[in-house]
Every structure is written in structure tokens, then in C-alpha cells.
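> Please find run06.cif (mmCIF, C-alpha atoms and all ligand atoms; chains and numbers go by the auth columns) on the next line:
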```cif
data_run
loop_
_atom_site.group_PDB
_atom_site.id
_atom_site.type_symbol
_atom_site.label_atom_id
_atom_site.label_comp_id
_atom_site.label_asym_id
_atom_site.label_seq_id
_atom_site.Cartn_x
_atom_site.Cartn_y
_atom_site.Cartn_z
_atom_site.B_iso_or_equiv
_atom_site.auth_seq_id
_atom_site.auth_asym_id
ATOM 1 C CA MET A 1 10.273 23.069 10.045 0.00 249 A
ATOM 2 C CA SER A 2 13.454 25.079 9.710 0.00 250 A
ATOM 3 C CA ASN A 3 14.220 27.232 6.718 0.00 251 A
ATOM 4 C CA ASN A 4 16.492 24.552 5.345 0.00 252 A
ATOM 5 C CA THR A 5 13.938 21.767 5.066 0.00 253 A
ATOM 6 C CA VAL A 6 10.834 21.155 3.022 0.00 254 A
ATOM 7 C CA SER A 7 8.069 18.599 3.432 0.00 255 A
ATOM 8 C CA CYS A 8 7.817 15.789 0.942 0.00 256 A
ATOM 9 C CA ALA A 9 4.573 16.162 -0.983 0.00 257 A
ATOM 10 C CA HIS A 10 3.995 12.426 -0.770 0.00 258 A
ATOM 11 C CA CYS A 11 5.091 11.117 2.595 0.00 259 A
ATOM 12 C CA ASP A 12 5.428 14.330 4.633 0.00 260 A
ATOM 13 C CA ALA A 13 9.048 13.514 5.415 0.00 261 A
ATOM 14 C CA GLU A 14 11.153 16.526 6.237 0.00 262 A
ATOM 15 C CA VAL A 15 13.833 16.798 3.587 0.00 263 A
ATOM 16 C CA GLU A 16 16.909 18.984 3.568 0.00 264 A
ATOM 17 C CA LEU A 17 16.328 21.528 0.834 0.00 265 A
ATOM 18 C CA SER A 18 19.670 20.588 -0.706 0.00 266 A
ATOM 19 C CA GLU A 19 18.518 16.967 -1.017 0.00 267 A
ATOM 20 C CA ALA A 20 14.930 17.616 -2.012 0.00 268 A
ATOM 21 C CA VAL A 21 13.796 16.801 -5.512 0.00 269 A
ATOM 22 C CA VAL A 22 11.494 19.143 -7.361 0.00 270 A
ATOM 23 C CA HIS A 23 8.459 17.023 -8.075 0.00 271 A
ATOM 24 C CA ASP A 24 6.610 19.603 -10.120 0.00 272 A
ATOM 25 C CA ALA A 25 6.218 23.352 -10.223 0.00 273 A
ATOM 26 C CA THR A 26 4.657 23.504 -6.774 0.00 274 A
ATOM 27 C CA ALA A 27 5.954 20.550 -4.779 0.00 275 A
ATOM 28 C CA PHE A 28 9.115 18.996 -3.489 0.00 276 A
ATOM 29 C CA CYS A 29 9.513 15.396 -2.552 0.00 277 A
ATOM 30 C CA CYS A 30 12.114 13.183 -0.967 0.00 278 A
ATOM 31 C CA GLU A 31 14.390 11.006 -3.041 0.00 279 A
ATOM 32 C CA ALA A 32 12.669 7.782 -1.968 0.00 280 A
ATOM 33 C CA CYS A 33 9.254 9.002 -3.115 0.00 281 A
ATOM 34 C CA ARG A 34 10.725 10.323 -6.343 0.00 282 A
ATOM 35 C CA ASP A 35 12.359 6.942 -7.009 0.00 283 A
ATOM 36 C CA GLU A 36 9.075 5.210 -6.257 0.00 284 A
ATOM 37 C CA TYR A 37 7.274 7.561 -8.602 0.00 285 A
ATOM 38 C CA ASN A 38 9.815 7.003 -11.389 0.00 286 A
ATOM 39 C CA ARG A 39 9.675 3.252 -10.864 0.00 287 A
ATOM 40 C CA GLY A 40 5.900 3.438 -11.289 0.00 288 A
ATOM 41 C CA LEU A 41 6.218 5.471 -14.487 0.00 289 A
ATOM 42 C CA GLN A 42 8.785 3.080 -15.914 0.00 290 A
ATOM 43 C CA ALA A 43 6.609 0.101 -15.051 0.00 291 A
ATOM 44 C CA GLU A 44 3.615 1.741 -16.761 0.00 292 A
ATOM 45 C CA GLU A 45 5.615 2.547 -19.875 0.00 293 A
ATOM 46 C CA SER A 46 7.127 -0.902 -20.104 0.00 294 A
ATOM 47 C CA GLY A 47 3.699 -2.513 -19.925 0.00 295 A
ATOM 48 C CA LEU A 48 4.481 -4.189 -16.591 0.00 296 A
ATOM 49 C CA VAL A 49 1.486 -2.520 -14.987 0.00 297 A
ATOM 50 C CA GLN A 50 -1.730 -3.797 -16.410 0.00 298 A
ATOM 51 C CA GLU A 51 -5.212 -4.322 -15.165 0.00 299 A
ATOM 52 C CA ALA A 52 -6.581 -7.846 -15.107 0.00 300 A
ATOM 53 C CA THR A 53 -10.001 -9.203 -14.278 0.00 301 A
ATOM 54 C CA VAL A 54 -9.627 -12.358 -12.245 0.00 302 A
ATOM 55 C CA SER A 55 -11.884 -14.919 -10.656 0.00 303 A
ATOM 56 C CA THR A 56 -10.891 -15.916 -7.137 0.00 304 A
ATOM 57 C CA GLY A 57 -12.476 -19.338 -7.174 0.00 305 A
ATOM 58 C CA ARG A 58 -13.913 -20.468 -3.854 0.00 306 A
ATOM 59 C CA VAL A 59 -12.510 -18.506 -0.940 0.00 307 A
ATOM 60 C CA ASP A 60 -12.857 -19.010 2.809 0.00 308 A
ATOM 61 C CA TRP A 61 -13.256 -15.317 3.579 0.00 309 A
ATOM 62 C CA GLN A 62 -12.926 -15.810 7.316 0.00 310 A
ATOM 63 C CA GLN A 63 -9.628 -17.624 6.751 0.00 311 A
ATOM 64 C CA LEU A 64 -8.478 -14.812 4.462 0.00 312 A
ATOM 65 C CA ARG A 65 -9.181 -12.267 7.211 0.00 313 A
ATOM 66 C CA MET A 66 -6.977 -14.258 9.599 0.00 314 A
ATOM 67 C CA GLN A 67 -4.264 -14.545 6.959 0.00 315 A
ATOM 68 C CA LYS A 68 -4.414 -10.775 6.495 0.00 316 A
ATOM 69 C CA ASN A 69 -3.987 -10.306 10.231 0.00 317 A
ATOM 70 C CA THR A 70 -0.873 -12.441 10.116 0.00 318 A
ATOM 71 C CA LEU A 71 0.538 -10.162 7.430 0.00 319 A
ATOM 72 C CA ILE A 72 -0.355 -7.096 9.489 0.00 320 A
ATOM 73 C CA ASN A 73 1.465 -8.574 12.493 0.00 321 A
ATOM 74 C CA LEU A 74 4.439 -9.437 10.312 0.00 322 A
ATOM 75 C CA ALA A 75 4.597 -5.873 8.985 0.00 323 A
ATOM 76 C CA GLY A 76 4.733 -4.674 12.595 0.00 324 A
ATOM 77 C CA SER A 77 7.700 -6.886 13.393 0.00 325 A
ATOM 78 C CA LYS A 78 10.919 -5.086 14.158 0.00 326 A
ATOM 79 C CA HIS A 79 12.788 -7.570 11.989 0.00 327 A
ATOM 80 C CA MET A 80 11.220 -6.227 8.806 0.00 328 A
ATOM 81 C CA THR A 81 13.075 -3.722 6.671 0.00 329 A
ATOM 82 C CA ASP A 82 11.200 -0.665 5.435 0.00 330 A
ATOM 83 C CA GLU A 83 11.095 -2.185 1.979 0.00 331 A
ATOM 84 C CA GLN A 84 9.687 -5.462 3.280 0.00 332 A
ATOM 85 C CA VAL A 85 7.008 -3.561 5.203 0.00 333 A
ATOM 86 C CA GLU A 86 6.121 -1.714 2.001 0.00 334 A
ATOM 87 C CA HIS A 87 5.787 -5.015 0.181 0.00 335 A
ATOM 88 C CA ILE A 88 3.475 -6.390 2.831 0.00 336 A
ATOM 89 C CA GLU A 89 1.416 -3.191 2.803 0.00 337 A
ATOM 90 C CA GLY A 90 1.126 -3.508 -0.961 0.00 338 A
ATOM 91 C CA LEU A 91 -0.135 -7.054 -0.574 0.00 339 A
ATOM 92 C CA LEU A 92 -2.646 -5.939 2.057 0.00 340 A
ATOM 93 C CA ASN A 93 -3.934 -3.236 -0.293 0.00 341 A
ATOM 94 C CA PHE A 94 -4.206 -5.832 -3.032 0.00 342 A
ATOM 95 C CA LEU A 95 -6.218 -8.107 -0.741 0.00 343 A
ATOM 96 C CA ASP A 96 -8.428 -5.157 0.261 0.00 344 A
ATOM 97 C CA THR A 97 -9.212 -4.573 -3.401 0.00 345 A
ATOM 98 C CA ILE A 98 -10.182 -8.214 -3.835 0.00 346 A
ATOM 99 C CA GLN A 99 -12.330 -8.113 -0.709 0.00 347 A
ATOM 100 C CA ASP A 100 -14.083 -4.926 -1.835 0.00 348 A
ATOM 101 C CA ALA A 101 -14.889 -6.449 -5.217 0.00 349 A
ATOM 102 C CA ALA A 102 -16.080 -9.677 -3.605 0.00 350 A
ATOM 103 C CA ALA A 103 -18.224 -7.792 -1.084 0.00 351 A
ATOM 104 C CA GLU A 104 -20.112 -6.134 -3.926 0.00 352 A
ATOM 105 C CA GLN A 105 -21.199 -9.588 -5.068 0.00 353 A
ATOM 106 C CA LEU A 106 -21.422 -11.528 -1.822 0.00 354 A
ATOM 107 C CA GLY A 107 -22.242 -8.827 0.710 0.00 355 A
ATOM 108 C CA GLU A 108 -20.138 -7.155 3.382 0.00 356 A
ATOM 109 C CA ASP A 109 -21.086 -9.674 6.066 0.00 357 A
ATOM 110 C CA VAL A 110 -19.629 -12.573 4.109 0.00 358 A
ATOM 111 C CA VAL A 111 -16.360 -10.972 3.103 0.00 359 A
ATOM 112 C CA PHE A 112 -15.707 -8.693 6.068 0.00 360 A
ATOM 113 C CA CYS A 113 -16.066 -9.602 9.711 0.00 361 A
ATOM 114 C CA PRO A 114 -19.705 -9.189 10.712 0.00 362 A
ATOM 115 C CA TYR A 115 -18.646 -8.902 14.353 0.00 363 A
ATOM 116 C CA PRO A 116 -15.614 -6.601 14.431 0.00 364 A
ATOM 117 C CA GLY A 117 -13.207 -7.465 17.215 0.00 365 A
ATOM 118 C CA GLN A 118 -14.810 -10.798 18.014 0.00 366 A
ATOM 119 C CA GLU A 119 -13.577 -12.993 15.242 0.00 367 A
ATOM 120 C CA GLU A 120 -9.848 -12.464 15.017 0.00 368 A
HETATM 121 ZN ZN ZN B . 8.655 11.274 0.559 0.00 401 A
#
```
Would you kindly transcribe this structure into C-alpha cells?
Ligand SMILES: [Zn+2]


Amino acid sequence: MSNNTVSCAHCDAEVELSEAVVHDATAFCCEACRDEYNRGLQAEESGLVQEATVSTGRVDWQQLRMQKNTLINLAGSKHMTDEQVEHIEGLLNFLDTIQDAAAEQLGEDVVFCPYPGQEE
């Protein structure tokens, strides 16, 4: 790192000091992360972000794992923009959360692949 750049506190991007945003008293971040952070705050304040308890209904968990793999492959495609990749990663995180909650009820072997590397 040269004297003229700082590391983003969120994504570790190197940012020109002149373009860095002061995140708080101790950290800088890049404009993209700051925008993301502000978008999150605005969404919270506007009530757009809310927790919900949902029932999944009947799920073919093996099928869901394959569907997730398709998303992972799509995110790796060179045709995706950074924003599209972020959207897919958000969806994958969302699915992970659902799987984790389901695994607490149904067991890891039902929800997650009992034979890693063999199924997909
Ligand atoms: Zn950043």
C-alpha cells in the first residue's frame, strides 16, 4: 500500500485517499461500500427491511442443492455484472439461512448433502 491509498474497512479494496470516505472515527471505506451501507440504513429506516417467519412448505432439499449450484455457476459466469453477482450471492445467503433453519428441524443429512462431492 502506498502512502496515498487506504484499505476499505469492508471489502479491503485499496482506495485513493482522496476518494476514500470516512466511515467512522477509525476506518475508511470505498464509495461502493459506503453507498451499500447507506442503502441498508435507508432501507431499515423506511421499514423495507423486516424480519419474517415463514414456512417453506414441502421442499425437495436435494433439488434445492442442485438449484443452488446452478446459481453458483451463474455467479461465476463472465457475463454477469458485479451487481448481478452480488444479487446472486445475496440469494445464496438467503437460501443458506433457510437451509440452516430447516436443518435444525430436519437434521443436517436431510437438508445438506450427506455425501459431499458425490451428489452434485
Ligand atoms: Zn469497500

> Around ligand ZN 401 (chain A), which protein and nucleic acid residues have at least one atom no more than 12 Å from it, if we count only C-alpha atoms and all ligand atoms? List them as a PDB file with C-alpha atoms, keeping the file's coordinate frame.


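Generated file (out-v1.pdb):
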```pdb
ATOM      1  CA  VAL A 254      10.834  21.155   3.022  1.00  0.00           C
ATOM      2  CA  SER A 255       8.069  18.599   3.432  1.00  0.00           C
ATOM      3  CA  CYS A 256       7.817  15.789   0.942  1.00  0.00           C
ATOM      4  CA  ALA A 257       4.573  16.162  -0.983  1.00  0.00           C
ATOM      5  CA  HIS A 258       3.995  12.426  -0.770  1.00  0.00           C
ATOM      6  CA  CYS A 259       5.091  11.117   2.595  1.00  0.00           C
ATOM      7  CA  ASP A 260       5.428  14.330   4.633  1.00  0.00           C
ATOM      8  CA  ALA A 261       9.048  13.514   5.415  1.00  0.00           C
ATOM      9  CA  GLU A 262      11.153  16.526   6.237  1.00  0.00           C
ATOM     10  CA  VAL A 263      13.833  16.798   3.587  1.00  0.00           C
ATOM     11  CA  GLU A 264      16.909  18.984   3.568  1.00  0.00           C
ATOM     12  CA  GLU A 267      18.518  16.967  -1.017  1.00  0.00           C
ATOM     13  CA  ALA A 268      14.930  17.616  -2.012  1.00  0.00           C
ATOM     14  CA  VAL A 269      13.796  16.801  -5.512  1.00  0.00           C
ATOM     15  CA  VAL A 270      11.494  19.143  -7.361  1.00  0.00           C
ATOM     16  CA  HIS A 271       8.459  17.023  -8.075  1.00  0.00           C
ATOM     17  CA  ALA A 275       5.954  20.550  -4.779  1.00  0.00           C
ATOM     18  CA  PHE A 276       9.115  18.996  -3.489  1.00  0.00           C
ATOM     19  CA  CYS A 277       9.513  15.396  -2.552  1.00  0.00           C
ATOM     20  CA  CYS A 278      12.114  13.183  -0.967  1.00  0.00           C
ATOM     21  CA  GLU A 279      14.390  11.006  -3.041  1.00  0.00           C
ATOM     22  CA  ALA A 280      12.669   7.782  -1.968  1.00  0.00           C
ATOM     23  CA  CYS A 281       9.254   9.002  -3.115  1.00  0.00           C
ATOM     24  CA  ARG A 282      10.725  10.323  -6.343  1.00  0.00           C
ATOM     25  CA  ASP A 283      12.359   6.942  -7.009  1.00  0.00           C
ATOM     26  CA  GLU A 284       9.075   5.210  -6.257  1.00  0.00           C
ATOM     27  CA  TYR A 285       7.274   7.561  -8.602  1.00  0.00           C
TER      28      TYR A 285
END
```

> For region 347-364 of chain A, find every residue with an atom within 9 Å (counting only C-alpha atoms), except residues of its own chain fewer than 4 positions away, and show them as a PyMOL selection string.

chain A and resi 304+308-310+312-313+342-343+368

> Could you state the separation of CA of Leu340 (chain A) and CA of Ile320 (chain A) in Å, given to one decimal place?

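CA of Leu340 (chain A) sits 7.9 Å away from CA of Ile320 (chain A).
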
> Mind pulling up the distance from CA of Leu339 (chain A) to CA of Val297 (chain A)?

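Here the two named atoms are 15.2 Å from each other.
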
> Calculate how many Å separate CA of Ile346 (chain A) from CA of Val302 (chain A), rounding to one decimal.

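These two atoms are separated by 9.4 Å.
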
> Take the point (14.3, 26.4, 2.4) as written in the file and pick out every residue within 9 Å of it, counting all atoms listed in the file; give the list as a PyMOL selection string.

chain A and resi 250-254+264-266

> Take the selection from the previous step and output its residues with C-alpha atoms, as an mmCIF file, in the coordinates of the input.


```
data_model
loop_
_atom_site.group_PDB
_atom_site.id
_atom_site.type_symbol
_atom_site.label_atom_id
_atom_site.label_comp_id
_atom_site.auth_asym_id
_atom_site.auth_seq_id
_atom_site.Cartn_x
_atom_site.Cartn_y
_atom_site.Cartn_z
ATOM 1 C CA SER A 250 13.454 25.079 9.710
ATOM 2 C CA ASN A 251 14.220 27.232 6.718
ATOM 3 C CA ASN A 252 16.492 24.552 5.345
ATOM 4 C CA THR A 253 13.938 21.767 5.066
ATOM 5 C CA VAL A 254 10.834 21.155 3.022
ATOM 6 C CA GLU A 264 16.909 18.984 3.568
ATOM 7 C CA LEU A 265 16.328 21.528 0.834
ATOM 8 C CA SER A 266 19.670 20.588 -0.706
#
```
